[in-house]
$ cat structure_14.pdb   # PDB, C-alpha atoms, pLDDT in the B column
ATOM      1  CA  ALA A   1     -11.019  39.339 -29.629  1.00 72.00           C
ATOM      2  CA  GLN A   2     -11.278  40.853 -26.211  1.00 79.00           C
ATOM      3  CA  SER A   3     -11.371  38.529 -23.216  1.00 88.00           C
ATOM      4  CA  VAL A   4     -11.546  39.131 -19.480  1.00 94.00           C
ATOM      5  CA  THR A   5     -10.075  36.835 -16.845  1.00 96.00           C
ATOM      6  CA  GLN A   6     -11.026  36.932 -13.198  1.00 97.00           C
ATOM      7  CA  LEU A   7      -8.396  34.901 -11.452  1.00 91.00           C
ATOM      8  CA  ASP A   8     -10.354  33.950  -8.345  1.00 95.00           C
ATOM      9  CA  SER A   9     -13.779  32.336  -8.484  1.00 95.00           C
ATOM     10  CA  GLN A  10     -14.296  32.724  -4.735  1.00 97.00           C
ATOM     11  CA  VAL A  11     -12.737  35.037  -2.158  1.00 97.00           C
ATOM     12  CA  PRO A  12     -13.568  34.538   1.529  1.00 97.00           C
ATOM     13  CA  VAL A  13     -12.610  37.361   3.861  1.00 97.00           C
ATOM     14  CA  PHE A  14     -13.386  38.480   7.384  1.00 97.00           C
ATOM     15  CA  GLU A  15     -15.352  41.632   8.093  1.00 97.00           C
ATOM     16  CA  GLU A  16     -13.247  44.816   8.251  1.00 97.00           C
ATOM     17  CA  ALA A  17     -10.363  43.157   6.417  1.00 98.00           C
ATOM     18  CA  PRO A  18      -9.080  44.540   3.102  1.00 98.00           C
ATOM     19  CA  VAL A  19      -9.873  42.744  -0.123  1.00 98.00           C
ATOM     20  CA  GLU A  20      -8.585  42.684  -3.693  1.00 98.00           C
ATOM     21  CA  LEU A  21     -10.443  41.065  -6.572  1.00 98.00           C
ATOM     22  CA  ARG A  22      -8.236  40.476  -9.582  1.00 98.00           C
ATOM     23  CA  CYS A  23      -9.071  41.111 -13.219  1.00 97.00           C
ATOM     24  CA  ASN A  24      -6.973  40.905 -16.365  1.00 96.00           C
ATOM     25  CA  TYR A  25      -8.014  41.785 -19.899  1.00 94.00           C
ATOM     26  CA  SER A  26      -6.473  40.676 -23.160  1.00 89.00           C
ATOM     27  CA  SER A  27      -6.717  43.401 -25.725  1.00 72.00           C
ATOM     28  CA  SER A  28      -3.946  45.946 -26.070  1.00 61.00           C
ATOM     29  CA  VAL A  29      -6.082  48.412 -27.979  1.00 68.00           C
ATOM     30  CA  SER A  30      -7.898  51.251 -26.264  1.00 74.00           C
ATOM     31  CA  VAL A  31     -10.254  49.737 -23.769  1.00 84.00           C
ATOM     32  CA  TYR A  32     -12.923  50.757 -21.315  1.00 88.00           C
ATOM     33  CA  LEU A  33     -13.056  48.744 -18.092  1.00 92.00           C
ATOM     34  CA  PHE A  34     -15.826  48.214 -15.571  1.00 94.00           C
ATOM     35  CA  TRP A  35     -16.665  46.471 -12.345  1.00 96.00           C
ATOM     36  CA  TYR A  36     -20.243  45.383 -11.638  1.00 96.00           C
ATOM     37  CA  VAL A  37     -21.762  43.847  -8.516  1.00 96.00           C
ATOM     38  CA  GLN A  38     -24.605  41.342  -8.502  1.00 94.00           C
ATOM     39  CA  TYR A  39     -26.588  40.415  -5.405  1.00 91.00           C
ATOM     40  CA  PRO A  40     -28.515  37.096  -5.412  1.00 85.00           C
ATOM     41  CA  ASN A  41     -31.304  36.994  -7.971  1.00 79.00           C
ATOM     42  CA  GLN A  42     -30.759  40.588  -8.985  1.00 84.00           C
ATOM     43  CA  GLY A  43     -29.355  42.410 -11.988  1.00 87.00           C
ATOM     44  CA  LEU A  44     -25.934  44.008 -12.239  1.00 92.00           C
ATOM     45  CA  GLN A  45     -25.081  47.328 -10.651  1.00 92.00           C
ATOM     46  CA  LEU A  46     -22.168  49.408 -11.883  1.00 91.00           C
ATOM     47  CA  LEU A  47     -19.515  49.912  -9.184  1.00 94.00           C
ATOM     48  CA  LEU A  48     -17.016  51.937 -11.179  1.00 93.00           C
ATOM     49  CA  LYS A  49     -15.595  52.462 -14.640  1.00 90.00           C
ATOM     50  CA  TYR A  50     -12.321  53.442 -16.290  1.00 90.00           C
ATOM     51  CA  LEU A  51     -12.626  55.375 -19.532  1.00 85.00           C
ATOM     52  CA  SER A  52      -9.503  57.543 -19.564  1.00 83.00           C
ATOM     53  CA  GLY A  53      -7.458  59.855 -17.371  1.00 86.00           C
ATOM     54  CA  SER A  54      -6.420  58.935 -13.845  1.00 90.00           C
ATOM     55  CA  THR A  55      -5.598  55.269 -13.492  1.00 91.00           C
ATOM     56  CA  LEU A  56      -7.076  55.141  -9.977  1.00 96.00           C
ATOM     57  CA  VAL A  57     -10.830  55.058 -10.174  1.00 95.00           C
ATOM     58  CA  LYS A  58     -13.141  55.449  -7.202  1.00 96.00           C
ATOM     59  CA  GLY A  59     -16.605  53.980  -7.194  1.00 94.00           C
ATOM     60  CA  ILE A  60     -19.586  53.461  -4.969  1.00 93.00           C
ATOM     61  CA  ASN A  61     -19.629  51.673  -1.609  1.00 92.00           C
ATOM     62  CA  GLY A  62     -15.969  52.521  -0.910  1.00 96.00           C
ATOM     63  CA  PHE A  63     -14.550  50.462  -3.774  1.00 97.00           C
ATOM     64  CA  GLU A  64     -11.704  51.571  -6.013  1.00 97.00           C
ATOM     65  CA  ALA A  65      -9.768  50.052  -8.890  1.00 98.00           C
ATOM     66  CA  GLU A  66      -6.476  50.729 -10.585  1.00 96.00           C
ATOM     67  CA  PHE A  67      -5.913  50.503 -14.325  1.00 94.00           C
ATOM     68  CA  ASN A  68      -2.485  49.086 -15.138  1.00 93.00           C
ATOM     69  CA  LYS A  69      -1.844  49.113 -18.868  1.00 90.00           C
ATOM     70  CA  SER A  70       1.526  47.358 -18.718  1.00 91.00           C
ATOM     71  CA  GLN A  71       0.044  44.449 -16.778  1.00 92.00           C
ATOM     72  CA  THR A  72      -3.333  44.630 -18.546  1.00 93.00           C
ATOM     73  CA  SER A  73      -5.002  44.545 -15.156  1.00 95.00           C
ATOM     74  CA  PHE A  74      -7.881  46.311 -13.445  1.00 97.00           C
ATOM     75  CA  HIS A  75      -7.995  44.987  -9.892  1.00 98.00           C
ATOM     76  CA  LEU A  76     -10.786  45.996  -7.508  1.00 98.00           C
ATOM     77  CA  ARG A  77      -9.963  46.903  -3.921  1.00 98.00           C
ATOM     78  CA  LYS A  78     -11.678  47.887  -0.712  1.00 98.00           C
ATOM     79  CA  PRO A  79      -9.728  48.696   2.464  1.00 97.00           C
ATOM     80  CA  SER A  80     -12.367  47.395   4.875  1.00 97.00           C
ATOM     81  CA  VAL A  81     -15.248  45.153   3.837  1.00 97.00           C
ATOM     82  CA  HIS A  82     -18.665  44.771   5.425  1.00 97.00           C
ATOM     83  CA  ILE A  83     -21.049  41.832   5.598  1.00 96.00           C
ATOM     84  CA  SER A  84     -23.230  43.667   3.083  1.00 95.00           C
ATOM     85  CA  ASP A  85     -20.448  43.457   0.472  1.00 97.00           C
ATOM     86  CA  THR A  86     -21.121  39.742   0.117  1.00 97.00           C
ATOM     87  CA  ALA A  87     -22.056  39.379  -3.542  1.00 97.00           C
ATOM     88  CA  GLU A  88     -20.660  38.365  -6.911  1.00 96.00           C
ATOM     89  CA  TYR A  89     -18.412  40.819  -8.703  1.00 98.00           C
ATOM     90  CA  PHE A  90     -17.906  40.954 -12.454  1.00 97.00           C
ATOM     91  CA  CYS A  91     -15.148  42.657 -14.376  1.00 96.00           C
ATOM     92  CA  ALA A  92     -16.024  43.743 -17.914  1.00 94.00           C
ATOM     93  CA  ALA A  93     -14.245  45.326 -20.864  1.00 91.00           C
ATOM     94  CA  SER A  94     -15.302  47.171 -23.966  1.00 83.00           C
ATOM     95  CA  ASN A  95     -13.028  48.102 -26.847  1.00 71.00           C
ATOM     96  CA  TYR A  96     -13.228  51.764 -27.651  1.00 61.00           C
ATOM     97  CA  GLY A  97     -14.564  51.996 -31.172  1.00 54.00           C
ATOM     98  CA  GLY A  98     -14.714  48.223 -31.362  1.00 48.00           C
ATOM     99  CA  SER A  99     -17.491  46.006 -32.584  1.00 48.00           C
ATOM    100  CA  GLN A 100     -20.626  47.717 -31.359  1.00 53.00           C
ATOM    101  CA  GLY A 101     -18.890  48.561 -28.092  1.00 59.00           C
ATOM    102  CA  ASN A 102     -20.160  45.361 -26.496  1.00 77.00           C
ATOM    103  CA  LEU A 103     -19.294  44.471 -22.928  1.00 87.00           C
ATOM    104  CA  ILE A 104     -17.235  41.317 -22.449  1.00 89.00           C
ATOM    105  CA  PHE A 105     -17.585  39.934 -18.941  1.00 93.00           C
ATOM    106  CA  GLY A 106     -15.348  37.757 -16.834  1.00 95.00           C
ATOM    107  CA  LYS A 107     -16.753  34.707 -15.082  1.00 95.00           C
ATOM    108  CA  GLY A 108     -17.178  36.529 -11.793  1.00 96.00           C
ATOM    109  CA  THR A 109     -15.724  36.385  -8.292  1.00 97.00           C
ATOM    110  CA  LYS A 110     -17.898  35.516  -5.340  1.00 97.00           C
ATOM    111  CA  LEU A 111     -16.936  37.606  -2.348  1.00 97.00           C
ATOM    112  CA  SER A 112     -17.977  36.107   0.966  1.00 97.00           C
ATOM    113  CA  VAL A 113     -17.551  38.342   4.007  1.00 97.00           C
ATOM    114  CA  LYS A 114     -17.609  36.518   7.309  1.00 96.00           C
ATOM    115  CA  PRO A 115     -18.189  38.022  10.769  1.00 95.00           C
TER     116      PRO A 115
ATOM    117  CA  GLU B 116     -34.534  56.955 -10.136  1.00 71.00           C
ATOM    118  CA  ALA B 117     -35.437  55.390 -13.477  1.00 80.00           C
ATOM    119  CA  GLU B 118     -34.895  51.653 -13.794  1.00 91.00           C
ATOM    120  CA  VAL B 119     -34.993  48.953 -16.417  1.00 96.00           C
ATOM    121  CA  ALA B 120     -38.082  46.810 -15.899  1.00 96.00           C
ATOM    122  CA  GLN B 121     -38.272  43.102 -16.713  1.00 97.00           C
ATOM    123  CA  SER B 122     -41.020  40.551 -16.397  1.00 97.00           C
ATOM    124  CA  PRO B 123     -41.574  37.940 -15.296  1.00 97.00           C
ATOM    125  CA  ARG B 124     -38.926  37.711 -12.597  1.00 95.00           C
ATOM    126  CA  TYR B 125     -39.136  33.925 -12.520  1.00 96.00           C
ATOM    127  CA  LYS B 126     -40.383  31.453 -15.101  1.00 97.00           C
ATOM    128  CA  ILE B 127     -40.597  27.685 -14.983  1.00 97.00           C
ATOM    129  CA  THR B 128     -41.464  25.918 -18.210  1.00 97.00           C
ATOM    130  CA  GLU B 129     -41.292  22.443 -19.644  1.00 97.00           C
ATOM    131  CA  LYS B 130     -38.935  21.665 -22.476  1.00 96.00           C
ATOM    132  CA  SER B 131     -40.403  22.110 -25.951  1.00 96.00           C
ATOM    133  CA  GLN B 132     -42.721  24.854 -24.695  1.00 97.00           C
ATOM    134  CA  ALA B 133     -42.558  28.475 -25.800  1.00 97.00           C
ATOM    135  CA  VAL B 134     -41.528  31.205 -23.381  1.00 98.00           C
ATOM    136  CA  ALA B 135     -41.275  34.984 -23.657  1.00 97.00           C
ATOM    137  CA  PHE B 136     -39.582  37.683 -21.640  1.00 97.00           C
ATOM    138  CA  TRP B 137     -40.330  41.381 -21.646  1.00 97.00           C
ATOM    139  CA  CYS B 138     -38.073  44.371 -21.051  1.00 98.00           C
ATOM    140  CA  ASP B 139     -38.891  48.058 -20.702  1.00 97.00           C
ATOM    141  CA  PRO B 140     -35.702  50.165 -20.830  1.00 96.00           C
ATOM    142  CA  ILE B 141     -35.138  53.481 -19.156  1.00 93.00           C
ATOM    143  CA  SER B 142     -37.081  56.156 -20.992  1.00 91.00           C
ATOM    144  CA  GLY B 143     -35.081  57.739 -23.779  1.00 87.00           C
ATOM    145  CA  HIS B 144     -32.442  55.012 -23.959  1.00 89.00           C
ATOM    146  CA  ALA B 145     -31.846  54.206 -27.601  1.00 87.00           C
ATOM    147  CA  THR B 146     -29.764  51.074 -27.128  1.00 88.00           C
ATOM    148  CA  LEU B 147     -31.119  47.870 -25.625  1.00 93.00           C
ATOM    149  CA  TYR B 148     -29.265  44.658 -24.881  1.00 93.00           C
ATOM    150  CA  TRP B 149     -30.350  41.128 -23.992  1.00 96.00           C
ATOM    151  CA  TYR B 150     -27.809  39.003 -22.125  1.00 96.00           C
ATOM    152  CA  ARG B 151     -27.891  35.385 -20.985  1.00 97.00           C
ATOM    153  CA  GLN B 152     -26.163  34.488 -17.755  1.00 94.00           C
ATOM    154  CA  ILE B 153     -25.657  30.794 -17.085  1.00 94.00           C
ATOM    155  CA  LEU B 154     -25.152  29.893 -13.433  1.00 89.00           C
ATOM    156  CA  GLY B 155     -21.533  30.444 -12.471  1.00 87.00           C
ATOM    157  CA  GLN B 156     -20.709  32.485 -15.563  1.00 90.00           C
ATOM    158  CA  GLY B 157     -20.664  36.118 -16.585  1.00 92.00           C
ATOM    159  CA  PRO B 158     -23.380  37.558 -18.827  1.00 93.00           C
ATOM    160  CA  GLU B 159     -23.045  36.936 -22.565  1.00 94.00           C
ATOM    161  CA  LEU B 160     -24.644  39.182 -25.144  1.00 93.00           C
ATOM    162  CA  LEU B 161     -27.483  37.652 -27.151  1.00 96.00           C
ATOM    163  CA  VAL B 162     -28.740  40.637 -29.113  1.00 95.00           C
ATOM    164  CA  GLN B 163     -28.312  44.391 -29.273  1.00 92.00           C
ATOM    165  CA  PHE B 164     -30.809  46.922 -30.620  1.00 92.00           C
ATOM    166  CA  GLN B 165     -30.301  50.483 -31.676  1.00 88.00           C
ATOM    167  CA  ASP B 166     -33.822  51.921 -31.612  1.00 90.00           C
ATOM    168  CA  GLU B 167     -35.862  49.271 -33.449  1.00 92.00           C
ATOM    169  CA  SER B 168     -32.973  47.848 -35.468  1.00 92.00           C
ATOM    170  CA  VAL B 169     -30.829  44.856 -34.591  1.00 93.00           C
ATOM    171  CA  VAL B 170     -27.158  45.831 -34.644  1.00 89.00           C
ATOM    172  CA  ASP B 171     -25.689  42.584 -33.322  1.00 89.00           C
ATOM    173  CA  ASP B 172     -27.368  39.205 -33.052  1.00 93.00           C
ATOM    174  CA  SER B 173     -24.340  37.101 -33.878  1.00 90.00           C
ATOM    175  CA  GLN B 174     -24.633  35.111 -30.629  1.00 91.00           C
ATOM    176  CA  LEU B 175     -28.387  34.600 -30.785  1.00 95.00           C
ATOM    177  CA  PRO B 176     -29.377  30.961 -31.517  1.00 94.00           C
ATOM    178  CA  LYS B 177     -31.725  31.934 -34.296  1.00 92.00           C
ATOM    179  CA  ASP B 178     -33.228  28.495 -34.754  1.00 95.00           C
ATOM    180  CA  ARG B 179     -35.082  28.878 -31.464  1.00 97.00           C
ATOM    181  CA  PHE B 180     -34.573  32.436 -30.190  1.00 97.00           C
ATOM    182  CA  SER B 181     -36.120  35.604 -31.536  1.00 97.00           C
ATOM    183  CA  ALA B 182     -36.090  39.186 -30.333  1.00 97.00           C
ATOM    184  CA  GLU B 183     -37.975  42.261 -31.355  1.00 96.00           C
ATOM    185  CA  ARG B 184     -38.232  45.901 -30.424  1.00 95.00           C
ATOM    186  CA  LEU B 185     -40.981  47.015 -32.755  1.00 86.00           C
ATOM    187  CA  LYS B 186     -41.407  50.645 -31.720  1.00 88.00           C
ATOM    188  CA  GLY B 187     -37.897  51.171 -30.470  1.00 85.00           C
ATOM    189  CA  VAL B 188     -39.009  51.179 -26.852  1.00 92.00           C
ATOM    190  CA  ASP B 189     -39.792  47.929 -25.043  1.00 96.00           C
ATOM    191  CA  SER B 190     -38.552  44.571 -26.238  1.00 97.00           C
ATOM    192  CA  THR B 191     -39.517  40.906 -26.178  1.00 98.00           C
ATOM    193  CA  LEU B 192     -37.203  37.907 -26.235  1.00 98.00           C
ATOM    194  CA  LYS B 193     -38.793  34.582 -27.176  1.00 98.00           C
ATOM    195  CA  ILE B 194     -37.601  31.003 -27.024  1.00 97.00           C
ATOM    196  CA  GLN B 195     -39.446  28.318 -28.965  1.00 97.00           C
ATOM    197  CA  PRO B 196     -39.014  25.495 -28.211  1.00 96.00           C
ATOM    198  CA  ALA B 197     -37.240  25.766 -24.862  1.00 97.00           C
ATOM    199  CA  GLU B 198     -34.486  23.261 -24.113  1.00 97.00           C
ATOM    200  CA  LEU B 199     -32.998  22.185 -20.795  1.00 96.00           C
ATOM    201  CA  GLY B 200     -29.792  24.091 -21.619  1.00 95.00           C
ATOM    202  CA  ASP B 201     -31.721  27.354 -21.818  1.00 97.00           C
ATOM    203  CA  SER B 202     -32.062  27.460 -18.038  1.00 97.00           C
ATOM    204  CA  ALA B 203     -30.331  30.704 -17.092  1.00 96.00           C
ATOM    205  CA  MET B 204     -30.856  34.285 -16.003  1.00 95.00           C
ATOM    206  CA  TYR B 205     -31.887  36.559 -18.873  1.00 97.00           C
ATOM    207  CA  LEU B 206     -30.795  40.137 -18.324  1.00 95.00           C
ATOM    208  CA  CYS B 207     -31.891  43.239 -20.160  1.00 96.00           C
ATOM    209  CA  ALA B 208     -29.821  46.408 -20.182  1.00 94.00           C
ATOM    210  CA  SER B 209     -30.219  49.804 -21.781  1.00 92.00           C
ATOM    211  CA  SER B 210     -27.891  52.603 -22.664  1.00 88.00           C
ATOM    212  CA  PRO B 211     -28.448  56.278 -23.366  1.00 81.00           C
ATOM    213  CA  LEU B 212     -25.623  56.342 -25.884  1.00 68.00           C
ATOM    214  CA  ALA B 213     -25.477  55.399 -29.499  1.00 59.00           C
ATOM    215  CA  SER B 214     -24.360  51.975 -30.573  1.00 53.00           C
ATOM    216  CA  GLY B 215     -20.611  51.543 -30.194  1.00 52.00           C
ATOM    217  CA  ARG B 216     -20.401  53.487 -26.951  1.00 54.00           C
ATOM    218  CA  SER B 217     -21.617  51.097 -24.317  1.00 53.00           C
ATOM    219  CA  TYR B 218     -20.105  52.488 -21.182  1.00 69.00           C
ATOM    220  CA  GLU B 219     -23.341  53.494 -19.542  1.00 76.00           C
ATOM    221  CA  GLN B 220     -25.324  50.247 -19.497  1.00 87.00           C
ATOM    222  CA  TYR B 221     -28.064  49.964 -16.892  1.00 89.00           C
ATOM    223  CA  PHE B 222     -29.306  46.472 -16.051  1.00 93.00           C
ATOM    224  CA  GLY B 223     -32.733  45.238 -15.092  1.00 95.00           C
ATOM    225  CA  PRO B 224     -33.342  42.652 -12.332  1.00 94.00           C
ATOM    226  CA  GLY B 225     -33.418  39.766 -14.797  1.00 94.00           C
ATOM    227  CA  THR B 226     -35.724  36.832 -15.491  1.00 96.00           C
ATOM    228  CA  ARG B 227     -34.676  33.512 -14.007  1.00 95.00           C
ATOM    229  CA  LEU B 228     -35.737  30.741 -16.409  1.00 97.00           C
ATOM    230  CA  THR B 229     -35.885  27.114 -15.356  1.00 97.00           C
ATOM    231  CA  VAL B 230     -36.624  24.522 -18.029  1.00 97.00           C
ATOM    232  CA  THR B 231     -37.796  21.132 -16.730  1.00 97.00           C
TER     233      THR B 231
END
$ encode --input "structure_14.pdb" --output "structure tokens"
Amino acid sequence: AQSVTQLDSQVPVFEEAPVELRCNYSSSVSVYLFWYVQYPNQGLQLLLKYLSGSTLVKGINGFEAEFNKSQTSFHLRKPSVHISDTAEYFCAASNYGGSQGNLIFGKGTKLSVKP
Amino acid sequence: EAEVAQSPRYKITEKSQAVAFWCDPISGHATLYWYRQILGQGPELLVQFQDESVVDDSQLPKDRFSAERLKGVDSTLKIQPAELGDSAMYLCASSPLASGRSYEQYFGPGTRLTVT
């Protein structure tokens, strides 16, 4: 069964610094990968997705992620963060053609951007 | 921009009481999902509908939880009786794609349930 591991539960960073949020998935079969952001007491908003093609995916708010099949990773990066990026970030995976195409989420990484 | 609507946004109930949550997906979205998100965890799927039919409820605690989507549009999730461990955020999502192709899920704002 597919599983998603987010290696850091909390990431503190100063404003304008770069950040990387790490995500690893388990399944070796064809997989779709996603990053969502959740602000306090709100639902999830899709940041970006990898379905196929280029392994470097660009999303909203200046975020990007790189799909690495050999390392089964899909790390999220931003070269310069803002205070407004403070939120919780979830990595998710879905097996192409798998059971109902359900999303499997990691436990989340809380990004805290400090002035 | 169309959004998934959920109500109520917050609900406080006593254990053993019944509680219900409502979700209105984006118009035209055939697939609807209910997720439970416990504090500090990622969302976990409870039930998935394709139109009015349940396609996956394997993680739904059926002794106390029920879900319906009678006309294939809006949906209700019910808990009876509520237990302390049910305190969580309940998220609804919808997708314009057929079951098995979930890569365009749109989430509502959620209902925060507190059971006392």
$ resolve_selection --input "structure_14.pdb" --expression "the PyMOL selection byres ((chain B and resi 185) around 12)" --output "list in words"
Phe164, Gln165, Asp166, Glu167, Ser168, Val169, Ala182, Glu183, Arg184, Lys186, Gly187, Val188, Asp189, Ser190, Thr191 and Leu192 of chain B
$ resolve_selection --input "structure_14.pdb" --expression "the PyMOL selection byres ((chain A) within 10 of (chain B))" --output "MDAnalysis selection string"
chainID A and resid 9 32:34 38:39 41:46 49:51 88:110
$ resolve_selection --input "structure_14.pdb" --expression "the PyMOL selection byres ((chain B and resi 198) around 10)" --output "PyMOL selection string"
chain B and resi 128-133+179+194-197+199-202+229-231
$ atom_distance --input "structure_14.pdb" --atom1 "CA of His144 (chain B)" --atom2 "CA of Ser210 (chain B)"
5.3 Å
$ residues_near_point --input "structure_14.pdb" --point "(-8.9, 38.9, -9.1)" --cutoff "7 Å" --atoms "only C-alpha atoms" --output "list in words"
Gln6, Leu7, Asp8, Glu20, Leu21, Arg22, Cys23 and His75 of chain A
$ closest_residue --input "structure_14.pdb" --among "B:Ser209, B:Glu118, B:Phe180, B:Asp172" --to "Phe136 (chain B)" --atoms "all atoms listed in the file"
B:Phe180
$ residues_around --input "structure_14.pdb" --residues "Lys114 (chain A)" --least-positions-apart "2" --cutoff "10 Å" --atoms "only C-alpha atoms" --output "number ranges by chain"
A: 12-17, 81-83, 86, 111-112
$ atom_distance --input "structure_14.pdb" --atom1 "CA of Leu147 (chain B)" --atom2 "CA of Val4 (chain A)"
22.3 Å
$ atom_distance --input "structure_14.pdb" --atom1 "CA of Tyr150 (chain B)" --atom2 "CA of Leu48 (chain A)"
20.1 Å
$ closest_residue --input "structure_14.pdb" --among "A:Thr72, A:Trp35, A:Ala87, A:Gly62" --to "Gln2 (chain A)" --atoms "all atoms listed in the file"
A:Thr72
$ axis_aligned_box --input "structure_14.pdb" --around "region 74-91 of chain A" --padding-each-side "4 Å" --output "JSON"
{"center_x": -15.6, "center_y": 43.5, "center_z": -4.4, "size_x": 23.3, "size_y": 18.3, "size_z": 28.0}
